[in-house]
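Enquirer: The following file, structure31.pdb, comprises PDB, C-alpha atoms:
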ATOM      1  CA  MET A 295     107.462 -85.527 -16.479
ATOM      2  CA  GLU A 296     109.645 -88.645 -16.127
ATOM      3  CA  TYR A 297     106.983 -90.682 -17.943
ATOM      4  CA  ALA A 298     106.957 -88.152 -20.777
ATOM      5  CA  LEU A 299     110.748 -88.372 -21.098
ATOM      6  CA  LEU A 300     110.623 -92.170 -21.111
ATOM      7  CA  ASN A 301     107.960 -92.205 -23.861
ATOM      8  CA  GLU A 302     109.979 -89.773 -25.932
ATOM      9  CA  GLU A 303     113.156 -91.893 -25.741
ATOM     10  CA  ILE A 304     111.229 -95.080 -26.589
ATOM     11  CA  GLY A 305     109.682 -93.240 -29.515
ATOM     12  CA  ARG A 306     113.160 -92.487 -30.901
ATOM     13  CA  SER A 307     114.205 -96.123 -30.950
ATOM     14  CA  MET A 308     114.025 -98.633 -33.768
ATOM     15  CA  TRP A 309     112.071-100.897 -31.366
ATOM     16  CA  ALA A 310     109.300 -98.332 -31.325
ATOM     17  CA  GLN A 311     109.173 -98.219 -35.104
ATOM     18  CA  LEU A 312     108.381-101.936 -35.069
ATOM     19  CA  VAL A 313     106.034-102.026 -32.096
ATOM     20  CA  PHE A 314     103.992 -98.987 -33.091
ATOM     21  CA  ASN A 315     102.738-100.758 -36.213
ATOM     22  CA  CYS A 316      99.906-101.776 -33.906
ATOM     23  CA  GLN A 317      98.273-100.223 -30.881
ATOM     24  CA  ALA A 318     100.495-100.315 -27.826
ATOM     25  CA  PRO A 319      99.018-101.888 -24.667
ATOM     26  CA  ASP A 320      97.536 -99.509 -22.173
ATOM     27  CA  ALA A 321     100.287 -98.457 -19.787
ATOM     28  CA  GLY A 322      98.386 -95.640 -18.086
ATOM     29  CA  ASN A 323      97.289 -97.859 -15.219
ATOM     30  CA  GLY A 324     100.699 -97.580 -13.574
ATOM     31  CA  GLU A 325     100.374 -93.826 -13.260
ATOM     32  CA  ILE A 326      96.788 -94.140 -12.038
ATOM     33  CA  LEU A 327      97.745 -96.598  -9.303
ATOM     34  CA  HIS A 328     100.547 -94.273  -8.284
ATOM     35  CA  LEU A 329      98.051 -91.405  -8.047
ATOM     36  CA  PHE A 330      94.859 -93.042  -6.743
ATOM     37  CA  GLY A 331      95.837 -96.535  -5.533
ATOM     38  CA  THR A 332      96.256 -97.730  -1.977
ATOM     39  CA  GLU A 333      99.713 -98.562  -0.666
ATOM     40  CA  GLU A 334      98.837-102.251  -0.886
ATOM     41  CA  GLN A 335      97.800-101.881  -4.543
ATOM     42  CA  LYS A 336     101.012-100.036  -5.371
ATOM     43  CA  GLN A 337     103.167-102.706  -3.745
ATOM     44  CA  ARG A 338     101.318-105.497  -5.520
ATOM     45  CA  PHE A 339     100.811-104.124  -9.039
ATOM     46  CA  LEU A 340     103.513-101.553  -9.773
ATOM     47  CA  PRO A 341     106.624-103.818  -9.650
ATOM     48  CA  PRO A 342     105.292-106.241 -12.331
ATOM     49  CA  ILE A 343     104.269-103.272 -14.507
ATOM     50  CA  VAL A 344     107.731-101.707 -14.204
ATOM     51  CA  ALA A 345     109.420-105.068 -14.886
ATOM     52  CA  GLY A 346     107.272-105.690 -17.954
ATOM     53  CA  GLU A 347     105.933-108.895 -16.401
ATOM     54  CA  ALA A 348     102.244-107.935 -16.497
ATOM     55  CA  ILE A 349     100.203-106.748 -19.484
ATOM     56  CA  TRP A 350      97.169-104.573 -18.825
ATOM     57  CA  CYS A 351      94.221-103.656 -21.008
ATOM     58  CA  GLN A 352      91.576-100.956 -20.685
ATOM     59  CA  GLY A 353      87.899-101.827 -20.186
ATOM     60  CA  TYR A 354      86.243 -98.532 -21.129
ATOM     61  CA  SER A 355      84.254 -98.568 -24.375
ATOM     62  CA  GLU A 356      81.014-100.497 -24.776
ATOM     63  CA  PRO A 357      78.676-100.975 -27.767
ATOM     64  CA  ASN A 358      76.561 -98.045 -26.526
ATOM     65  CA  ALA A 359      79.241 -96.249 -24.546
ATOM     66  CA  GLY A 360      82.154 -95.434 -26.819
ATOM     67  CA  SER A 361      82.684 -91.711 -27.153
ATOM     68  CA  ASP A 362      79.862 -91.327 -24.600
ATOM     69  CA  LEU A 363      81.715 -93.107 -21.808
ATOM     70  CA  ALA A 364      79.235 -91.947 -19.154
ATOM     71  CA  ASN A 365      76.680 -94.373 -20.641
ATOM     72  CA  VAL A 366      78.578 -97.406 -19.271
ATOM     73  CA  GLN A 367      76.235-100.318 -18.527
ATOM     74  CA  THR A 368      78.674-103.032 -17.420
ATOM     75  CA  ARG A 369      77.737-103.629 -13.802
ATOM     76  CA  ALA A 370      79.339-105.087 -10.707
ATOM     77  CA  HIS A 371      77.996-105.997  -7.282
ATOM     78  CA  LEU A 372      79.649-107.132  -4.074
ATOM     79  CA  ASP A 373      79.307-110.797  -3.144
ATOM     80  CA  GLY A 374      81.098-111.198   0.147
ATOM     81  CA  ASN A 375      84.689-110.142  -0.431
ATOM     82  CA  GLU A 376      84.469-110.111  -4.224
ATOM     83  CA  TRP A 377      83.026-107.954  -6.976
ATOM     84  CA  VAL A 378      81.025-109.890  -9.573
ATOM     85  CA  LEU A 379      80.909-108.399 -13.089
ATOM     86  CA  HIS A 380      78.381-108.709 -15.908
ATOM     87  CA  GLY A 381      78.499-106.803 -19.195
ATOM     88  CA  GLN A 382      80.468-106.215 -22.377
ATOM     89  CA  LYS A 383      83.418-104.096 -23.439
ATOM     90  CA  VAL A 384      84.629-103.479 -26.975
ATOM     91  CA  TRP A 385      87.740-102.175 -28.781
ATOM     92  CA  THR A 386      89.858-103.499 -25.892
ATOM     93  CA  SER A 387      93.460-103.372 -27.111
ATOM     94  CA  TRP A 388      95.609-106.422 -26.300
ATOM     95  CA  ALA A 389      92.761-108.136 -24.407
ATOM     96  CA  GLN A 390      93.739-111.588 -25.655
ATOM     97  CA  TRP A 391      97.245-111.199 -24.199
ATOM     98  CA  ALA A 392      96.452-109.178 -21.087
ATOM     99  CA  ASP A 393      96.837-110.444 -17.536
ATOM    100  CA  TRP A 394      94.691-107.683 -16.011
ATOM    101  CA  CYS A 395      92.060-105.195 -17.133
ATOM    102  CA  PHE A 396      91.054-101.924 -15.486
ATOM    103  CA  VAL A 397      87.273-101.879 -15.874
ATOM    104  CA  VAL A 398      84.949 -98.905 -15.529
ATOM    105  CA  CYS A 399      81.613-100.323 -14.419
ATOM    106  CA  ARG A 400      78.391 -99.306 -12.696
ATOM    107  CA  THR A 401      78.325-100.373  -9.036
ATOM    108  CA  ASP A 402      75.248 -98.360  -8.084
ATOM    109  CA  PRO A 403      72.319 -99.841 -10.064
ATOM    110  CA  ALA A 404      70.178 -96.746  -9.412
ATOM    111  CA  SER A 405      72.777 -94.321 -10.764
ATOM    112  CA  GLN A 406      72.930 -92.593 -14.132
ATOM    113  CA  ARG A 407      75.620 -91.035 -16.306
ATOM    114  CA  HIS A 408      78.863 -90.080 -14.504
ATOM    115  CA  LYS A 409      77.646 -91.004 -11.021
ATOM    116  CA  GLY A 410      77.735 -94.490  -9.540
ATOM    117  CA  LEU A 411      80.692 -95.714 -11.614
ATOM    118  CA  SER A 412      83.664 -97.537 -10.104
ATOM    119  CA  TYR A 413      87.157 -98.471 -11.315
ATOM    120  CA  LEU A 414      87.985-102.139 -10.786
ATOM    121  CA  LEU A 415      91.166-104.132 -11.438
ATOM    122  CA  VAL A 416      90.080-107.467 -12.895
ATOM    123  CA  PRO A 417      92.226-110.556 -13.621
ATOM    124  CA  MET A 418      91.670-111.621 -17.238
ATOM    125  CA  ARG A 419      92.596-115.313 -16.966
ATOM    126  CA  GLN A 420      89.524-116.691 -15.208
ATOM    127  CA  PRO A 421      86.138-118.304 -15.935
ATOM    128  CA  GLY A 422      83.414-115.792 -16.755
ATOM    129  CA  ILE A 423      85.504-113.830 -19.290
ATOM    130  CA  GLU A 424      85.165-114.421 -23.034
ATOM    131  CA  ILE A 425      87.434-112.603 -25.490
ATOM    132  CA  ARG A 426      86.549-112.286 -29.183
ATOM    133  CA  PRO A 427      89.272-110.648 -31.332
ATOM    134  CA  ILE A 428      88.019-108.170 -33.948
ATOM    135  CA  VAL A 429      89.586-108.313 -37.409
ATOM    136  CA  GLN A 430      90.524-104.823 -38.598
ATOM    137  CA  ILE A 431      90.834-103.422 -42.090
ATOM    138  CA  THR A 432      94.603-103.979 -41.775
ATOM    139  CA  GLY A 433      94.038-107.691 -41.184
ATOM    140  CA  ASP A 434      95.308-107.468 -37.601
ATOM    141  CA  SER A 435      93.304-108.170 -34.457
ATOM    142  CA  GLU A 436      95.006-106.283 -31.654
ATOM    143  CA  PHE A 437      91.690-105.324 -30.079
ATOM    144  CA  SER A 438      88.701-107.410 -29.049
ATOM    145  CA  GLU A 439      85.245-107.661 -27.608
ATOM    146  CA  VAL A 440      85.294-108.757 -23.952
ATOM    147  CA  PHE A 441      82.288-110.332 -22.243
ATOM    148  CA  PHE A 442      81.971-110.541 -18.452
ATOM    149  CA  ASP A 443      79.548-113.209 -17.226
ATOM    150  CA  GLY A 444      80.096-113.617 -13.529
ATOM    151  CA  ALA A 445      83.794-112.758 -13.602
ATOM    152  CA  ARG A 446      85.179-111.934 -10.178
ATOM    153  CA  THR A 447      87.794-109.742  -8.563
ATOM    154  CA  ALA A 448      88.680-109.098  -4.935
ATOM    155  CA  ALA A 449      86.900-106.274  -3.122
ATOM    156  CA  SER A 450      90.347-104.775  -2.475
ATOM    157  CA  ASN A 451      90.881-104.324  -6.233
ATOM    158  CA  LEU A 452      88.781-101.170  -6.253
ATOM    159  CA  VAL A 453      90.762 -98.026  -7.134
ATOM    160  CA  GLY A 454      89.431 -95.069  -5.166
ATOM    161  CA  ALA A 455      86.085 -95.224  -3.417
ATOM    162  CA  PRO A 456      82.920 -96.777  -4.867
ATOM    163  CA  GLY A 457      81.428 -94.194  -7.220
ATOM    164  CA  ASP A 458      84.795 -92.523  -7.908
ATOM    165  CA  GLY A 459      85.199 -94.344 -11.226
ATOM    166  CA  TRP A 460      84.621 -91.304 -13.433
ATOM    167  CA  LYS A 461      87.287 -89.295 -11.624
ATOM    168  CA  VAL A 462      89.846 -92.114 -11.903
ATOM    169  CA  ALA A 463      88.954 -92.757 -15.560
ATOM    170  CA  MET A 464      89.474 -89.100 -16.422
ATOM    171  CA  GLY A 465      92.845 -89.258 -14.675
ATOM    172  CA  THR A 466      93.796 -92.182 -16.921
ATOM    173  CA  LEU A 467      92.828 -90.193 -20.000
ATOM    174  CA  ALA A 468      94.836 -87.219 -18.750
ATOM    175  CA  PHE A 469      98.004 -89.340 -18.863
ATOM    176  CA  GLU A 470      97.000 -90.904 -22.182
ATOM    177  CA  ARG A 471      96.454 -87.511 -23.812
ATOM    178  CA  GLY A 472      99.215 -85.684 -21.985
ATOM    179  CA  ALA A 473     102.471 -87.357 -20.991
ATOM    180  CA  SER A 474     102.227 -90.206 -23.486
ATOM    181  CA  THR A 475     101.691 -87.965 -26.524
ATOM    182  CA  LEU A 476     105.356 -86.911 -26.751
ATOM    183  CA  GLY A 477     106.379 -90.504 -27.417
ATOM    184  CA  GLN A 478     103.550 -90.817 -29.904
ATOM    185  CA  GLN A 479     104.862 -87.765 -31.736
ATOM    186  CA  LEU A 480     108.263 -89.440 -32.151
ATOM    187  CA  GLN A 481     106.431 -92.287 -33.847
ATOM    188  CA  PHE A 482     104.740 -89.714 -36.101
ATOM    189  CA  GLN A 483     108.123 -88.141 -36.837
ATOM    190  CA  ASN A 484     109.534 -91.529 -37.874
ATOM    191  CA  GLU A 485     106.555 -92.024 -40.210
ATOM    192  CA  LEU A 486     106.887 -88.571 -41.730
ATOM    193  CA  GLN A 487     110.618 -89.089 -42.301
ATOM    194  CA  GLN A 488     109.924 -92.348 -44.108
ATOM    195  CA  ILE A 489     107.419 -90.562 -46.366
ATOM    196  CA  ILE A 490     109.962 -87.807 -47.097
ATOM    197  CA  ASP A 491     112.615 -90.407 -47.929
ATOM    198  CA  VAL A 492     110.248 -92.144 -50.358
ATOM    199  CA  ALA A 493     109.334 -88.801 -51.962
ATOM    200  CA  LYS A 494     113.008 -88.073 -52.567
ATOM    201  CA  ARG A 495     113.666 -91.518 -54.041
ATOM    202  CA  ASN A 496     110.706 -91.754 -56.401
ATOM    203  CA  GLY A 497     110.653 -88.106 -57.522
ATOM    204  CA  ALA A 498     107.397 -87.158 -55.786
ATOM    205  CA  ALA A 499     109.333 -84.407 -53.960
ATOM    206  CA  SER A 500     109.666 -82.533 -57.264
ATOM    207  CA  ASP A 501     105.917 -81.894 -57.231
ATOM    208  CA  PRO A 502     105.332 -78.457 -55.610
ATOM    209  CA  ALA A 503     101.977 -79.575 -54.178
ATOM    210  CA  ILE A 504     103.564 -82.628 -52.516
ATOM    211  CA  ARG A 505     106.409 -80.474 -51.150
ATOM    212  CA  GLN A 506     103.880 -78.067 -49.647
ATOM    213  CA  ARG A 507     101.958 -80.929 -48.016
ATOM    214  CA  LEU A 508     105.168 -82.346 -46.567
ATOM    215  CA  ALA A 509     106.041 -78.924 -45.133
ATOM    216  CA  HIS A 510     102.538 -78.568 -43.715
ATOM    217  CA  ALA A 511     102.824 -82.008 -42.081
ATOM    218  CA  TRP A 512     106.145 -80.999 -40.491
ATOM    219  CA  MET A 513     104.609 -77.804 -39.108
ATOM    220  CA  GLY A 514     101.679 -79.739 -37.692
ATOM    221  CA  LEU A 515     104.091 -82.016 -35.871
ATOM    222  CA  GLN A 516     105.802 -79.036 -34.234
ATOM    223  CA  ILE A 517     102.416 -77.669 -33.122
ATOM    224  CA  GLN A 518     101.633 -81.019 -31.490
ATOM    225  CA  ARG A 519     104.901 -80.953 -29.572
ATOM    226  CA  TYR A 520     104.444 -77.432 -28.260
ATOM    227  CA  ASN A 521     100.869 -78.159 -27.221
ATOM    228  CA  ALA A 522     101.919 -81.349 -25.408
ATOM    229  CA  LEU A 523     104.606 -79.411 -23.517
ATOM    230  CA  ARG A 524     102.038 -76.753 -22.641
ATOM    231  CA  THR A 525      99.736 -79.465 -21.260
ATOM    232  CA  LEU A 526     102.553 -80.913 -19.141
ATOM    233  CA  SER A 527     103.379 -77.481 -17.720
ATOM    234  CA  ARG A 528      99.923 -77.194 -16.145
ATOM    235  CA  PRO A 529     100.067 -77.516 -12.345
ATOM    236  CA  GLU A 530      96.874 -79.627 -12.215
ATOM    237  CA  ARG A 531      98.339 -82.467 -14.280
ATOM    238  CA  ALA A 532      96.076 -85.107 -12.732
ATOM    239  CA  GLU A 533      93.085 -83.433 -14.347
ATOM    240  CA  LEU A 534      92.178 -83.316 -18.032
ATOM    241  CA  PRO A 535      92.780 -79.746 -19.252
ATOM    242  CA  ARG A 536      91.208 -78.334 -22.398
ATOM    243  CA  GLU A 537      94.572 -78.496 -24.144
ATOM    244  CA  ALA A 538      94.386 -82.299 -23.946
ATOM    245  CA  MET A 539      91.069 -82.243 -25.807
ATOM    246  CA  ILE A 540      92.601 -79.993 -28.461
ATOM    247  CA  THR A 541      95.560 -82.383 -28.717
ATOM    248  CA  LYS A 542      93.420 -85.430 -29.520
ATOM    249  CA  LEU A 543      91.363 -83.566 -32.117
ATOM    250  CA  PHE A 544      94.484 -82.095 -33.742
ATOM    251  CA  TRP A 545      96.689 -85.185 -33.908
ATOM    252  CA  ALA A 546      93.887 -87.499 -35.034
ATOM    253  CA  SER A 547      93.060 -85.291 -38.023
ATOM    254  CA  TRP A 548      96.752 -84.676 -38.744
ATOM    255  CA  HIS A 549      97.606 -88.388 -38.651
ATOM    256  CA  ARG A 550      94.688 -89.300 -40.924
ATOM    257  CA  ASP A 551      95.931 -86.718 -43.431
ATOM    258  CA  LEU A 552      99.469 -88.127 -43.120
ATOM    259  CA  GLY A 553      98.126 -91.504 -44.224
ATOM    260  CA  LYS A 554      96.601 -89.893 -47.311
ATOM    261  CA  LEU A 555      99.876 -88.086 -48.018
ATOM    262  CA  ALA A 556     101.778 -91.379 -47.791
ATOM    263  CA  MET A 557      99.545 -92.943 -50.434
ATOM    264  CA  ASP A 558      99.913 -89.962 -52.760
ATOM    265  CA  VAL A 559     103.699 -90.023 -52.382
ATOM    266  CA  LEU A 560     103.813 -93.764 -53.131
ATOM    267  CA  GLY A 561     101.622 -93.339 -56.188
ATOM    268  CA  MET A 562     100.658 -96.593 -57.919
ATOM    269  CA  ASP A 563     102.858 -98.583 -55.512
ATOM    270  CA  ALA A 564     100.409 -97.712 -52.739
ATOM    271  CA  GLU A 565      97.911-100.212 -54.170
ATOM    272  CA  ILE A 566     100.314-103.113 -54.708
ATOM    273  CA  ALA A 567     101.457-105.782 -52.239
ATOM    274  CA  ALA A 568     105.020-106.953 -52.788
ATOM    275  CA  GLY A 569     104.079-110.642 -53.107
ATOM    276  CA  ALA A 570     103.209-113.671 -51.019
ATOM    277  CA  PRO A 571     102.294-113.621 -48.179
ATOM    278  CA  TYR A 572     101.057-110.152 -49.274
ATOM    279  CA  GLU A 573     101.872-108.339 -46.071
ATOM    280  CA  LEU A 574     101.109-104.631 -45.950
ATOM    281  CA  THR A 575     104.028-102.231 -45.929
ATOM    282  CA  ARG A 576     104.379 -99.849 -43.012
ATOM    283  CA  LEU A 577     102.937 -96.924 -45.011
ATOM    284  CA  GLN A 578     100.024 -98.976 -46.356
ATOM    285  CA  ARG A 579      99.239-100.037 -42.805
ATOM    286  CA  LEU A 580      99.558 -96.406 -41.702
ATOM    287  CA  PHE A 581      96.940 -95.300 -44.234
ATOM    288  CA  LEU A 582      94.445 -98.021 -43.323
ATOM    289  CA  PHE A 583      94.846 -97.741 -39.556
ATOM    290  CA  THR A 584      94.547 -93.942 -39.503
ATOM    291  CA  ARG A 585      90.987 -94.291 -40.790
ATOM    292  CA  SER A 586      90.160 -94.997 -37.133
ATOM    293  CA  ASP A 587      92.178 -92.196 -35.521
ATOM    294  CA  THR A 588      89.318 -89.678 -35.609
ATOM    295  CA  ILE A 589      86.950 -92.208 -34.011
ATOM    296  CA  TYR A 590      88.678 -94.071 -31.157
ATOM    297  CA  ALA A 591      89.481 -92.490 -27.759
ATOM    298  CA  GLY A 592      86.686 -89.988 -28.360
ATOM    299  CA  SER A 593      85.584 -89.091 -31.879
ATOM    300  CA  ASN A 594      86.354 -85.694 -33.403
ATOM    301  CA  GLU A 595      82.726 -84.680 -32.910
ATOM    302  CA  ILE A 596      82.863 -85.561 -29.213
ATOM    303  CA  GLN A 597      86.182 -83.731 -28.797
ATOM    304  CA  ARG A 598      84.634 -80.569 -30.270
ATOM    305  CA  ASN A 599      81.709 -80.849 -27.862
ATOM    306  CA  LEU A 600      84.111 -81.209 -24.911
ATOM    307  CA  ILE A 601      86.203 -78.244 -26.040
TER     308      ILE A 601
END
Just give me the structure as C-alpha cells.

Expert:
Amino acid sequence: MEYALLNEEIGRSMWAQLVFNCQAPDAGNGEILHLFGTEEQKQRFLPPIVAGEAIWCQGYSEPNAGSDLANVQTRAHLDGNEWVLHGQKVWTSWAQWADWCFVVCRTDPASQRHKGLSYLLVPMRQPGIEIRPIVQITGDSEFSEVFFDGARTAASNLVGAPGDGWKVAMGTLAFERGASTLGQQLQFQNELQQIIDVAKRNGAASDPAIRQRLAHAWMGLQIQRYNALRTLSRPERAELPREAMITKLFWASWHRDLGKLAMDVLGMDAEIAAGAPYELTRLQRLFLFTRSDTIYAGSNEIQRNLI
C-alpha cells in the first residue's frame, strides 16, 4: 500500500511527466527482495535501491520466451560458489545503465516449462555480458538485447530456493501490475489533460465526435483506478489475481487508443516536427510508443488466455 501511494505521488509530479517519456527502470525487485529475499540479501541490496544508488533491470523476455515466459532457455549452473550463466534476454529496459539484473533462468537442465527455473541477481558490469541497445520507432533505445556468455554471480544471489523462479517472477509481476499501476495512471492522466488542453486551443473540442472520445478516455481512466484499488484490496497481494490480468489488457488497449486520439486532436500538426534537431513532441512520442503497449509485458492475446 505504501508503494502504491509513493507511485501515485511521483505520478503527480512534473518530474514524472519528464521521466515517463521513456520506460522507467524496473523497481519491482525491491518489493520482491522484501518478500522473498534472505535477511542478508535485504541488508545488502535494499539500502542502495531506496537511496537511488543502484539501477536494476529485468531479465525475463527471450527471443522465444516473451509472452510465453515459461519457455525460458537461458541457463545457469553452479561452479563452486558461483552460478555461471549462458543465454540471451531481450527487451531489457535500462540494461545499458543498470548495475544489477534479476534474471529468470533454467537451473535444472532436465526441466520443462514452469519447473526448474530460478531467480538470480546478476551484476551487469562484468566480463561475459554483452549489451546491444535496440533502436525503437521513437528513435530512443531504452531497452536492449543482453547476452550472457559465462557471466557469473555468487551462489548466495539466488532469491528463494532453486526451482522457485516461477513463483518469484509471478510475485514481481504482481507488484508491476498491481501497486505500480496507480502511479502509471497519474502519468496517463497528465497525458489526457495535455490532449484536452490542445483540443481546447486548436478548436478540436468543438467536434462532437472528439468530445465523445475525450469523455470515453476519461471514463476509461476512472475504471483503471477502481480496478487497481480492487486489486490492492485483495488479501493475497503477493499473488497475481485475475484482476491484474484484466488491468494489463484494459490499460494497454486504452493507452493505444489514447495515442490515436492525440494524433486526431493535433490534426496536421501530428505529422510535423518543429524543426532541427527534429525531436518528437510528447504526444507524437506517446502515439509511437503506445504501438507496443499491447505487446510487451504479455500481449493482449496472452492476457485473454490467462483470464

Enquirer: Using all atoms listed in the file for the distances, tell me which of A:Ala345, A:Ala493, A:Ala449, A:Leu526 is nearest to Asp558 (chain A).

Expert: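 Distance minimum relative to Asp558 (chain A) lands on A:Ala493.
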
Enquirer: I'd like the contact shell of region 378-390 of chain A - 7 Å cut-off, only C-alpha atoms, skipping same-chain residues fewer than 5 positions apart - returned as a list in words.

Expert: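 Here the qualifying residues turn out to be Gln317, Pro319, Cys351, Gln352, Gly353, Tyr354, Ser355, Glu356, Pro357, Gln367, Thr368, Arg369, Ala370, His371, Leu372, Asp373, Ile425, Glu436, Phe437, Ser438, Glu439, Val440, Phe441, Phe442, Asp443, Gly444, Ala445, Arg446 and Thr447 of chain A.
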
Enquirer: With all atoms listed in the file as the basis for distance, which of A:Ala503, A:Gly477, A:Gly324, A:Thr541 is at the shortest distance from Leu415 (chain A)?

Expert: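 Closest candidate: A:Gly324.
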
Enquirer: Here's a test: counting all atoms listed in the file, identify every protein, DNA and RNA residue with an atom at most 10 Å from (111.5, -89.3, -29.1) in the file's coordinate frame, and state them as a list in words.

Expert: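 Collected hits near the coordinates: Ala298, Leu299, Leu300, Asn301, Glu302, Glu303, Ile304, Gly305, Arg306, Ser307, Ala310, Leu476, Gly477, Gln478, Gln479, Leu480, Gln481, Phe482, Gln483 and Asn484 of chain A.
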
Enquirer: Can I get the selected residues back with C-alpha atoms, as a CSV table (one decimal), in the frame of the given file?

Expert:
chain,number,residue,atom,x,y,z
A,298,ALA,CA,107.0,-88.2,-20.8
A,299,LEU,CA,110.7,-88.4,-21.1
A,300,LEU,CA,110.6,-92.2,-21.1
A,301,ASN,CA,108.0,-92.2,-23.9
A,302,GLU,CA,110.0,-89.8,-25.9
A,303,GLU,CA,113.2,-91.9,-25.7
A,304,ILE,CA,111.2,-95.1,-26.6
A,305,GLY,CA,109.7,-93.2,-29.5
A,306,ARG,CA,113.2,-92.5,-30.9
A,307,SER,CA,114.2,-96.1,-31.0
A,310,ALA,CA,109.3,-98.3,-31.3
A,476,LEU,CA,105.4,-86.9,-26.8
A,477,GLY,CA,106.4,-90.5,-27.4
A,478,GLN,CA,103.6,-90.8,-29.9
A,479,GLN,CA,104.9,-87.8,-31.7
A,480,LEU,CA,108.3,-89.4,-32.2
A,481,GLN,CA,106.4,-92.3,-33.8
A,482,PHE,CA,104.7,-89.7,-36.1
A,483,GLN,CA,108.1,-88.1,-36.8
A,484,ASN,CA,109.5,-91.5,-37.9

Enquirer: List the residues matched by the PyMOL selection byres ((chain A and resi 508) around 12) in the displayed structure as a ChimeraX atom specification, ordered by chain and then by residue number.

Expert: /A:483,485-494,498-507,509-515,548,551-556,558-559

Enquirer: As a check of understanding, name the residues that the PyMOL selection byres ((chain A and resi 412-414) around 6) selects in the supplied structure, as number ranges by chain.

Expert: A: 396-399, 411, 415, 451-453, 456-459

Enquirer: Give the padded box for region 553-569 of chain A as lines of an AutoDock Vina configuration file: axis-aligned, covering all atoms listed in the file, 4 Å on each side, centre and edge lengths in Å to one decimal.

Expert:
center_x = 100.8
center_y = -99.4
center_z = -51.1
size_x = 16.4
size_y = 30.6
size_z = 21.7

Enquirer: May I ask for the distance between CA of Pro341 (chain A) and CA of Asp393 (chain A), given in Å to one decimal place?

Expert: 14.2 Å

Enquirer: What separation in Å, quoted to one decimal, exists between CA of Ile423 (chain A) and CA of Ala463 (chain A)?

Expert: 21.7 Å

Enquirer: Give me, please, the distance in Å between CA of Phe330 (chain A) and CA of Met464 (chain A), quoted to one decimal.

Expert: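 Interatomic distance here is 11.8 Å.
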
Enquirer: Could you tell me, as a CSV table (one decimal) with C-alpha atoms, in the coordinates of the input, exactly which residues end up selected when the PyMOL selection byres ((chain A and resi 581-598) around 6) is applied to this structure?

Expert:
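As written to disk, part02.csv reads:
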chain,number,residue,atom,x,y,z
A,361,SER,CA,82.7,-91.7,-27.2
A,539,MET,CA,91.1,-82.2,-25.8
A,543,LEU,CA,91.4,-83.6,-32.1
A,546,ALA,CA,93.9,-87.5,-35.0
A,550,ARG,CA,94.7,-89.3,-40.9
A,553,GLY,CA,98.1,-91.5,-44.2
A,578,GLN,CA,100.0,-99.0,-46.4
A,579,ARG,CA,99.2,-100.0,-42.8
A,580,LEU,CA,99.6,-96.4,-41.7
A,599,ASN,CA,81.7,-80.8,-27.9
A,600,LEU,CA,84.1,-81.2,-24.9
A,601,ILE,CA,86.2,-78.2,-26.0

Enquirer: Could you tell me which of A:Asn365, A:Trp377, A:Gln430, A:Ser435 comes closest to Arg407 (chain A) if we count all atoms listed in the file?

Expert: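 Answer, going by the shortest atom-to-atom distance: A:Asn365.
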
Enquirer: My list of candidates is A:Gly331, A:Thr475, A:His408, A:Gly569. Which is closest to Ala359 (chain A) when distances are computed with all atoms listed in the file?

Expert: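 Checking each candidate against Ala359 (chain A), we get A:His408 as the closest.
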
Enquirer: Could you check which of A:Cys395, A:Ala567, A:Ile326, A:Leu574 is closest to Leu340 (chain A), using all atoms listed in the file?

Expert: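 For Leu340 (chain A), the nearest of the candidates is A:Ile326.
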